$ cat model-v2.cif   # mmCIF, C-alpha atoms
data_final
#
loop_
_atom_site.label_atom_id
_atom_site.label_comp_id
_atom_site.auth_asym_id
_atom_site.auth_seq_id
_atom_site.Cartn_x
_atom_site.Cartn_y
_atom_site.Cartn_z
CA PHE A 388 -51.84 34.11 -78.40
CA LEU A 389 -48.38 34.76 -79.77
CA TYR A 390 -45.87 32.39 -81.33
CA VAL A 391 -42.34 33.69 -81.99
CA GLY A 392 -39.90 31.73 -84.13
CA VAL A 393 -39.31 30.57 -87.66
CA ILE A 394 -42.22 28.95 -89.43
CA GLY A 395 -40.29 25.70 -89.70
CA LYS A 396 -41.17 22.05 -89.30
CA HIS A 397 -38.99 21.57 -86.18
CA LYS A 398 -40.92 24.37 -84.47
CA ASN A 399 -44.12 22.29 -84.64
CA VAL A 400 -46.16 25.09 -86.18
CA LEU A 401 -48.60 22.62 -87.74
CA GLY A 402 -49.14 21.03 -84.33
CA LEU A 403 -49.81 24.48 -82.89
CA LEU A 404 -52.30 25.21 -85.66
CA GLU A 405 -54.07 21.90 -85.01
CA ALA A 406 -54.29 22.78 -81.32
CA TRP A 407 -55.57 26.25 -82.22
CA ALA A 408 -58.24 24.71 -84.45
CA MET A 409 -59.51 22.86 -81.35
CA ALA A 410 -59.21 25.85 -79.00
CA ALA A 411 -60.41 28.69 -81.22
CA PRO A 412 -64.15 27.89 -81.04
CA ARG A 413 -63.96 28.05 -77.22
CA VAL A 414 -62.19 31.44 -77.18
CA PRO A 415 -63.92 33.40 -79.96
CA ALA A 416 -62.49 36.79 -78.96
CA LEU A 417 -58.86 35.68 -79.42
CA ASP A 418 -56.53 35.19 -82.38
CA LEU A 419 -53.24 33.40 -82.93
CA VAL A 420 -50.36 35.56 -84.17
CA LEU A 421 -47.22 33.95 -85.58
CA ALA A 422 -44.16 36.19 -85.77
CA GLY A 423 -41.07 34.85 -87.47
CA PRO A 424 -39.29 34.28 -90.75
CA PHE A 425 -41.09 32.17 -93.31
CA GLU A 426 -39.47 28.86 -94.18
CA PRO A 427 -40.85 26.22 -96.55
CA GLU A 428 -43.33 25.13 -93.84
CA ILE A 429 -45.28 28.38 -94.40
CA ALA A 430 -47.07 26.91 -97.43
CA ARG A 431 -48.33 23.92 -95.41
CA ALA A 432 -49.26 26.19 -92.51
CA ARG A 433 -51.27 28.55 -94.71
CA ALA A 434 -52.98 25.60 -96.42
CA PHE A 435 -53.98 24.17 -93.03
CA VAL A 436 -55.34 27.54 -91.89
CA ALA A 437 -57.42 27.83 -95.08
CA GLU A 438 -58.73 24.25 -94.87
CA ALA A 439 -59.62 24.64 -91.19
CA GLY A 440 -61.46 27.90 -91.84
CA LEU A 441 -59.16 29.82 -89.50
CA GLY A 442 -58.17 32.58 -91.93
CA GLU A 443 -59.72 35.31 -89.80
CA ARG A 444 -58.20 33.95 -86.57
CA VAL A 445 -54.55 33.37 -87.58
CA ARG A 446 -52.04 36.08 -88.55
CA PHE A 447 -48.65 35.35 -90.11
CA LEU A 448 -46.53 38.46 -89.57
CA GLY A 449 -43.22 37.30 -91.00
CA ALA A 450 -39.92 38.39 -89.50
CA VAL A 451 -40.24 41.01 -86.77
CA GLY A 452 -37.23 43.21 -86.02
CA GLN A 453 -36.08 43.77 -82.48
CA GLY A 454 -34.53 47.17 -83.14
CA ASP A 455 -37.80 49.09 -83.14
CA ASP A 456 -39.42 47.37 -80.13
CA ALA A 457 -42.06 45.73 -82.36
CA LEU A 458 -41.42 42.35 -80.75
CA VAL A 459 -41.67 43.84 -77.26
CA HIS A 460 -45.03 45.36 -78.21
CA LEU A 461 -46.24 41.96 -79.43
CA TYR A 462 -45.20 40.27 -76.19
CA ASN A 463 -46.89 43.02 -74.17
CA ALA A 464 -50.12 42.66 -76.16
CA ALA A 465 -50.21 38.87 -76.01
CA LEU A 466 -52.45 36.91 -73.68
CA GLY A 467 -49.59 34.41 -73.63
CA LEU A 468 -46.72 32.92 -75.60
CA VAL A 469 -47.16 29.49 -77.17
CA PHE A 470 -43.87 27.74 -77.90
CA PRO A 471 -44.54 24.14 -79.08
CA THR A 472 -41.11 23.37 -80.54
CA LEU A 473 -40.05 19.77 -81.14
CA TYR A 474 -36.36 20.44 -80.61
CA GLU A 475 -34.37 23.47 -79.66
CA GLY A 476 -30.99 24.71 -78.54
CA TRP A 477 -31.06 27.83 -76.40
CA CYS A 478 -34.48 29.44 -76.72
CA ALA A 479 -34.97 33.14 -76.04
CA PRO A 480 -38.71 33.65 -76.78
CA PRO A 481 -39.96 32.19 -73.48
CA LEU A 482 -37.63 34.44 -71.47
CA GLU A 483 -38.46 37.45 -73.62
CA ALA A 484 -42.17 36.83 -73.06
CA MET A 485 -41.67 36.41 -69.31
CA ALA A 486 -39.73 39.69 -69.16
CA CYS A 487 -42.79 41.39 -70.67
CA GLY A 488 -45.17 39.73 -68.21
CA ALA A 489 -46.67 37.30 -70.74
CA PRO A 490 -47.50 33.82 -69.43
CA VAL A 491 -45.70 31.00 -71.26
CA LEU A 492 -46.97 27.68 -72.59
CA ALA A 493 -43.92 25.76 -73.82
CA SER A 494 -42.78 22.33 -74.92
CA ASP A 495 -41.73 19.92 -72.23
CA ILE A 496 -38.42 19.02 -73.86
CA PRO A 497 -35.04 19.19 -72.09
CA SER A 498 -33.65 22.41 -73.59
CA VAL A 499 -36.91 24.33 -73.10
CA ARG A 500 -37.48 22.86 -69.64
CA GLU A 501 -34.00 24.11 -68.67
CA VAL A 502 -34.90 27.66 -69.74
CA VAL A 503 -38.50 27.81 -68.51
CA GLU A 504 -38.19 25.67 -65.36
CA GLU A 505 -41.31 26.09 -63.16
CA ALA A 506 -42.10 29.56 -64.50
CA GLY A 507 -44.29 28.38 -67.36
CA ALA A 508 -46.67 25.58 -68.23
CA LEU A 509 -44.74 22.76 -69.91
CA LEU A 510 -46.68 20.54 -72.31
CA PRO A 511 -45.87 17.50 -74.46
CA PRO A 512 -45.07 19.08 -77.84
CA GLU A 513 -47.02 16.57 -79.90
CA ASP A 514 -50.17 16.49 -77.75
CA GLU A 515 -52.36 18.98 -79.60
CA GLU A 516 -55.29 18.34 -77.27
CA ALA A 517 -53.19 19.28 -74.22
CA TRP A 518 -52.11 22.48 -76.00
CA ALA A 519 -55.71 23.31 -76.90
CA LEU A 520 -56.86 22.77 -73.32
CA ALA A 521 -53.98 24.87 -71.96
CA MET A 522 -54.79 27.74 -74.34
CA VAL A 523 -58.44 27.66 -73.32
CA ARG A 524 -57.47 27.54 -69.65
CA LEU A 525 -55.08 30.46 -70.07
CA ALA A 526 -57.87 32.47 -71.70
CA GLU A 527 -60.52 31.59 -69.11
CA ASP A 528 -58.58 31.24 -65.84
CA GLY A 529 -57.39 34.69 -64.82
CA ALA A 530 -55.83 33.42 -61.59
CA TRP A 531 -53.71 30.85 -63.44
CA ARG A 532 -52.74 33.43 -66.04
CA ALA A 533 -51.69 35.89 -63.33
CA ASP A 534 -49.75 33.19 -61.47
CA LEU A 535 -47.82 32.19 -64.61
CA ALA A 536 -47.10 35.85 -65.41
CA GLU A 537 -45.80 36.48 -61.88
CA ARG A 538 -43.67 33.33 -61.87
CA GLY A 539 -42.23 34.36 -65.22
CA LEU A 540 -41.33 37.85 -64.01
CA ARG A 541 -39.55 36.38 -60.97
CA HIS A 542 -37.81 33.73 -63.06
CA VAL A 543 -36.44 36.05 -65.70
CA LYS A 544 -34.54 37.99 -63.03
CA LYS A 545 -32.24 34.96 -62.73
CA HIS A 546 -31.09 35.56 -66.32
CA SER A 547 -29.08 38.78 -66.16
CA TRP A 548 -25.91 39.89 -67.93
CA GLU A 549 -24.23 40.08 -64.52
CA GLY A 550 -25.14 36.46 -63.81
CA ALA A 551 -23.88 35.38 -67.22
CA ALA A 552 -20.57 37.15 -66.56
CA ARG A 553 -20.26 35.45 -63.14
CA ASN A 554 -20.88 32.05 -64.72
CA LEU A 555 -18.34 32.73 -67.47
CA ARG A 556 -15.72 33.76 -64.89
CA ARG A 557 -16.44 30.59 -62.91
CA VAL A 558 -16.06 28.39 -66.02
CA LEU A 559 -12.84 30.17 -67.04
CA SER A 560 -11.44 29.67 -63.52
CA LEU A 561 -12.28 25.97 -63.67
CA VAL A 562 -10.65 25.62 -67.10
CA GLN A 563 -7.60 27.56 -65.98
CA GLY A 564 -7.30 25.40 -62.86
CA ALA A 565 -7.63 22.20 -64.91
CA GLY A 566 -4.81 23.26 -67.24
CA ALA A 567 -2.34 23.97 -64.45
#
$ encode --input "model-v2.cif" --output "structure tokens"
Amino acid sequence: FLYVGVIGKHKNVLGLLEAWAMAAPRVPALDLVLAGPFEPEIARARAFVAEAGLGERVRFLGAVGQGDDALVHLYNAALGLVFPTLYEGWCAPPLEAMACGAPVLASDIPSVREVVEEAGALLPPEDEEAWALAMVRLAEDGAWRADLAERGLRHVKKHSWEGAARNLRRVLSLVQGAGA
């Protein structure tokens, strides 16, 4: 499993680690990889991993550059993206994962729901048991995993530069018309 984002409190990394502690025994061949800049929450996250005995099953990579395709390789290698954020503005990792064919498990909060829509599995961010069950299901249920991956690939096509330009032109036309 792959998490992409800062290791910050608002990203719910400790909740993800608690869910992973529940799921890991049921999926012994898998690890959790966290890619993102370290913030003060990293100390608490590492302490939790040590206390839970997950040191061999959790990897903290730190910041991963996008210029050398390292992040793309991580998405391509992942069984799925886990994105348990508590609050968010625009969030790119779910779309990036979908573009690489990785299924997405994400927080069911308004900003993430708007980005992910029906293309991923949306979960209550603070329900660690639900996250654990979803991770186990993603690992064990190949049909569900394939369905999420396919829905993600279809969904990400809606988010193109051409579409963004069309929307910007539409907004500018509305603003221009309102000022007349």
$ residues_around --input "model-v2.cif" --residues "Lys396 of chain A" --least-positions-apart "4" --cutoff "8 Å" --atoms "only C-alpha atoms" --output "list in words"
Val400, Leu401 and Glu428 of chain A
$ write_last_selection --input "model-v2.cif" --atoms "C-alpha atoms" --output "short mmCIF file (atom, residue, chain, number, x, y, z; two decimals), in the frame of the given file"
data_model
loop_
_atom_site.label_atom_id
_atom_site.label_comp_id
_atom_site.auth_asym_id
_atom_site.auth_seq_id
_atom_site.Cartn_x
_atom_site.Cartn_y
_atom_site.Cartn_z
CA VAL A 400 -46.16 25.09 -86.18
CA LEU A 401 -48.60 22.62 -87.74
CA GLU A 428 -43.33 25.13 -93.84
#
$ residues_around --input "model-v2.cif" --residues "Ala517 of chain A" --least-positions-apart "6" --cutoff "9 Å" --atoms "all atoms listed in the file" --output "PyMOL selection string"
chain A and resi 406+510-511
$ write_last_selection --input "model-v2.cif" --atoms "C-alpha atoms" --output "PDB file, keeping the file's coordinate frame"
ATOM      1  CA  ALA A 406     -54.290  22.780 -81.320  1.00  0.00           C
ATOM      2  CA  LEU A 510     -46.680  20.540 -72.310  1.00  0.00           C
ATOM      3  CA  PRO A 511     -45.870  17.500 -74.460  1.00  0.00           C
TER       4      PRO A 511
END
$ resolve_selection --input "model-v2.cif" --expression "the PyMOL selection byres ((chain A and resi 480-493) around 10)" --output "JSON, numbers by chain"
{"A": [388, 389, 390, 391, 392, 458, 459, 460, 461, 462, 463, 464, 465, 466, 467, 468, 469, 470, 471, 472, 477, 478, 479, 494, 495, 496, 499, 500, 502, 503, 506, 507, 508, 509, 510, 511, 512, 518, 521, 522, 525, 531, 532, 533, 534, 535, 536, 537, 538, 539, 540, 541, 542, 543, 544, 546]}
$ atom_distance --input "model-v2.cif" --atom1 "atom CA of Leu441 of chain A" --atom2 "atom CA of Val523 of chain A"
16.3 Å
$ residues_around --input "model-v2.cif" --residues "Glu515 of chain A" --least-positions-apart "6" --cutoff "7 Å" --atoms "only C-alpha atoms" --output "PyMOL selection string"
chain A and resi 402-403+405-406
$ atom_distance --input "model-v2.cif" --atom1 "atom CA of Arg556 of chain A" --atom2 "atom CA of Gln453 of chain A"
28.7 Å
$ decode --input "model-v2.cif" --residues "segment 485-501 of chain A" --atoms "all heavy atoms" --output "PDB file, in the first residue's frame"
ATOM      1  N   MET A 485      -4.842   7.019  -9.769  1.00  0.00           N
ATOM      2  CA  MET A 485      -5.783   6.499 -10.764  1.00  0.00           C
ATOM      3  C   MET A 485      -5.160   6.505 -12.158  1.00  0.00           C
ATOM      4  O   MET A 485      -5.354   5.560 -12.927  1.00  0.00           O
ATOM      5  CB  MET A 485      -7.065   7.330 -10.767  1.00  0.00           C
ATOM      6  CG  MET A 485      -7.929   7.128  -9.553  1.00  0.00           C
ATOM      7  SD  MET A 485      -9.353   8.251  -9.644  1.00  0.00           S
ATOM      8  CE  MET A 485      -9.962   8.130  -7.976  1.00  0.00           C
ATOM      9  N   ALA A 486      -4.425   7.554 -12.485  1.00  0.00           N
ATOM     10  CA  ALA A 486      -3.792   7.648 -13.798  1.00  0.00           C
ATOM     11  C   ALA A 486      -2.779   6.532 -14.014  1.00  0.00           C
ATOM     12  O   ALA A 486      -2.511   6.145 -15.150  1.00  0.00           O
ATOM     13  CB  ALA A 486      -3.117   9.005 -13.967  1.00  0.00           C
ATOM     14  N   CYS A 487      -2.251   6.000 -12.927  1.00  0.00           N
ATOM     15  CA  CYS A 487      -1.289   4.890 -13.011  1.00  0.00           C
ATOM     16  C   CYS A 487      -1.969   3.533 -12.854  1.00  0.00           C
ATOM     17  O   CYS A 487      -1.293   2.503 -12.811  1.00  0.00           O
ATOM     18  CB  CYS A 487      -0.208   5.061 -11.952  1.00  0.00           C
ATOM     19  SG  CYS A 487       0.873   6.479 -12.240  1.00  0.00           S
ATOM     20  N   GLY A 488      -3.282   3.517 -12.731  1.00  0.00           N
ATOM     21  CA  GLY A 488      -4.010   2.260 -12.606  1.00  0.00           C
ATOM     22  C   GLY A 488      -4.052   1.699 -11.202  1.00  0.00           C
ATOM     23  O   GLY A 488      -4.419   0.539 -11.011  1.00  0.00           O
ATOM     24  N   ALA A 489      -3.702   2.514 -10.196  1.00  0.00           N
ATOM     25  CA  ALA A 489      -3.737   2.047  -8.806  1.00  0.00           C
ATOM     26  C   ALA A 489      -5.119   2.321  -8.208  1.00  0.00           C
ATOM     27  O   ALA A 489      -5.608   3.448  -8.291  1.00  0.00           O
ATOM     28  CB  ALA A 489      -2.660   2.739  -7.976  1.00  0.00           C
ATOM     29  N   PRO A 490      -5.743   1.330  -7.610  1.00  0.00           N
ATOM     30  CA  PRO A 490      -7.014   1.556  -6.918  1.00  0.00           C
ATOM     31  C   PRO A 490      -6.817   2.543  -5.771  1.00  0.00           C
ATOM     32  O   PRO A 490      -5.721   2.643  -5.208  1.00  0.00           O
ATOM     33  CB  PRO A 490      -7.382   0.183  -6.373  1.00  0.00           C
ATOM     34  CG  PRO A 490      -6.564  -0.786  -7.142  1.00  0.00           C
ATOM     35  CD  PRO A 490      -5.321  -0.057  -7.534  1.00  0.00           C
ATOM     36  N   VAL A 491      -7.882   3.257  -5.406  1.00  0.00           N
ATOM     37  CA  VAL A 491      -7.787   4.306  -4.394  1.00  0.00           C
ATOM     38  C   VAL A 491      -8.768   4.045  -3.254  1.00  0.00           C
ATOM     39  O   VAL A 491      -9.961   3.845  -3.487  1.00  0.00           O
ATOM     40  CB  VAL A 491      -8.054   5.691  -5.030  1.00  0.00           C
ATOM     41  CG1 VAL A 491      -8.181   6.766  -3.971  1.00  0.00           C
ATOM     42  CG2 VAL A 491      -6.964   6.038  -6.036  1.00  0.00           C
ATOM     43  N   LEU A 492      -8.223   4.073  -2.036  1.00  0.00           N
ATOM     44  CA  LEU A 492      -9.016   4.120  -0.812  1.00  0.00           C
ATOM     45  C   LEU A 492      -8.796   5.519  -0.254  1.00  0.00           C
ATOM     46  O   LEU A 492      -7.655   5.902   0.010  1.00  0.00           O
ATOM     47  CB  LEU A 492      -8.538   3.080   0.204  1.00  0.00           C
ATOM     48  CG  LEU A 492      -8.475   1.616  -0.247  1.00  0.00           C
ATOM     49  CD1 LEU A 492      -7.937   0.749   0.885  1.00  0.00           C
ATOM     50  CD2 LEU A 492      -9.837   1.140  -0.699  1.00  0.00           C
ATOM     51  N   ALA A 493      -9.856   6.305  -0.097  1.00  0.00           N
ATOM     52  CA  ALA A 493      -9.698   7.703   0.292  1.00  0.00           C
ATOM     53  C   ALA A 493     -10.748   8.105   1.315  1.00  0.00           C
ATOM     54  O   ALA A 493     -11.780   7.464   1.451  1.00  0.00           O
ATOM     55  CB  ALA A 493      -9.800   8.597  -0.944  1.00  0.00           C
ATOM     56  N   SER A 494     -10.457   9.208   1.991  1.00  0.00           N
ATOM     57  CA  SER A 494     -11.365   9.743   2.996  1.00  0.00           C
ATOM     58  C   SER A 494     -12.658  10.229   2.373  1.00  0.00           C
ATOM     59  O   SER A 494     -12.651  10.894   1.340  1.00  0.00           O
ATOM     60  CB  SER A 494     -10.716  10.929   3.721  1.00  0.00           C
ATOM     61  OG  SER A 494      -9.716  10.483   4.583  1.00  0.00           O
ATOM     62  N   ASP A 495     -13.736   9.929   3.051  1.00  0.00           N
ATOM     63  CA  ASP A 495     -15.046  10.409   2.627  1.00  0.00           C
ATOM     64  C   ASP A 495     -15.291  11.768   3.287  1.00  0.00           C
ATOM     65  O   ASP A 495     -16.050  11.895   4.246  1.00  0.00           O
ATOM     66  CB  ASP A 495     -16.134   9.406   3.008  1.00  0.00           C
ATOM     67  CG  ASP A 495     -17.472   9.748   2.390  1.00  0.00           C
ATOM     68  OD1 ASP A 495     -17.538  10.679   1.555  1.00  0.00           O
ATOM     69  OD2 ASP A 495     -18.459   9.080   2.740  1.00  0.00           O
ATOM     70  N   ILE A 496     -14.576  12.776   2.761  1.00  0.00           N
ATOM     71  CA  ILE A 496     -14.764  14.161   3.178  1.00  0.00           C
ATOM     72  C   ILE A 496     -15.058  14.954   1.906  1.00  0.00           C
ATOM     73  O   ILE A 496     -14.693  14.508   0.809  1.00  0.00           O
ATOM     74  CB  ILE A 496     -13.538  14.714   3.939  1.00  0.00           C
ATOM     75  CG1 ILE A 496     -12.282  14.688   3.075  1.00  0.00           C
ATOM     76  CG2 ILE A 496     -13.336  13.945   5.249  1.00  0.00           C
ATOM     77  CD1 ILE A 496     -11.076  15.372   3.704  1.00  0.00           C
ATOM     78  N   PRO A 497     -15.729  16.097   2.024  1.00  0.00           N
ATOM     79  CA  PRO A 497     -16.194  16.790   0.814  1.00  0.00           C
ATOM     80  C   PRO A 497     -15.146  17.034  -0.268  1.00  0.00           C
ATOM     81  O   PRO A 497     -15.389  16.731  -1.442  1.00  0.00           O
ATOM     82  CB  PRO A 497     -16.753  18.110   1.362  1.00  0.00           C
ATOM     83  CG  PRO A 497     -17.222  17.750   2.737  1.00  0.00           C
ATOM     84  CD  PRO A 497     -16.203  16.762   3.236  1.00  0.00           C
ATOM     85  N   SER A 498     -13.988  17.576   0.077  1.00  0.00           N
ATOM     86  CA  SER A 498     -13.011  17.909  -0.957  1.00  0.00           C
ATOM     87  C   SER A 498     -12.470  16.660  -1.649  1.00  0.00           C
ATOM     88  O   SER A 498     -12.256  16.667  -2.867  1.00  0.00           O
ATOM     89  CB  SER A 498     -11.859  18.724  -0.366  1.00  0.00           C
ATOM     90  OG  SER A 498     -11.230  18.005   0.679  1.00  0.00           O
ATOM     91  N   VAL A 499     -12.277  15.592  -0.911  1.00  0.00           N
ATOM     92  CA  VAL A 499     -11.775  14.349  -1.515  1.00  0.00           C
ATOM     93  C   VAL A 499     -12.886  13.675  -2.317  1.00  0.00           C
ATOM     94  O   VAL A 499     -12.654  13.178  -3.421  1.00  0.00           O
ATOM     95  CB  VAL A 499     -11.201  13.400  -0.441  1.00  0.00           C
ATOM     96  CG1 VAL A 499     -10.781  12.081  -1.048  1.00  0.00           C
ATOM     97  CG2 VAL A 499     -10.017  14.060   0.273  1.00  0.00           C
ATOM     98  N   ARG A 500     -14.087  13.684  -1.771  1.00  0.00           N
ATOM     99  CA  ARG A 500     -15.233  13.101  -2.482  1.00  0.00           C
ATOM    100  C   ARG A 500     -15.410  13.776  -3.839  1.00  0.00           C
ATOM    101  O   ARG A 500     -15.702  13.124  -4.841  1.00  0.00           O
ATOM    102  CB  ARG A 500     -16.494  13.259  -1.633  1.00  0.00           C
ATOM    103  CG  ARG A 500     -17.681  12.477  -2.120  1.00  0.00           C
ATOM    104  CD  ARG A 500     -18.916  12.633  -1.215  1.00  0.00           C
ATOM    105  NE  ARG A 500     -18.617  12.619   0.206  1.00  0.00           N
ATOM    106  CZ  ARG A 500     -18.839  13.648   1.029  1.00  0.00           C
ATOM    107  NH1 ARG A 500     -19.376  14.764   0.578  1.00  0.00           N
ATOM    108  NH2 ARG A 500     -18.548  13.547   2.313  1.00  0.00           N
ATOM    109  N   GLU A 501     -15.214  15.099  -3.889  1.00  0.00           N
ATOM    110  CA  GLU A 501     -15.352  15.844  -5.136  1.00  0.00           C
ATOM    111  C   GLU A 501     -14.320  15.397  -6.175  1.00  0.00           C
ATOM    112  O   GLU A 501     -14.619  15.329  -7.359  1.00  0.00           O
ATOM    113  CB  GLU A 501     -15.187  17.343  -4.859  1.00  0.00           C
ATOM    114  CG  GLU A 501     -15.342  18.216  -6.074  1.00  0.00           C
ATOM    115  CD  GLU A 501     -15.176  19.693  -5.752  1.00  0.00           C
ATOM    116  OE1 GLU A 501     -15.238  20.069  -4.572  1.00  0.00           O
ATOM    117  OE2 GLU A 501     -14.970  20.460  -6.694  1.00  0.00           O
TER     118      GLU A 501
END
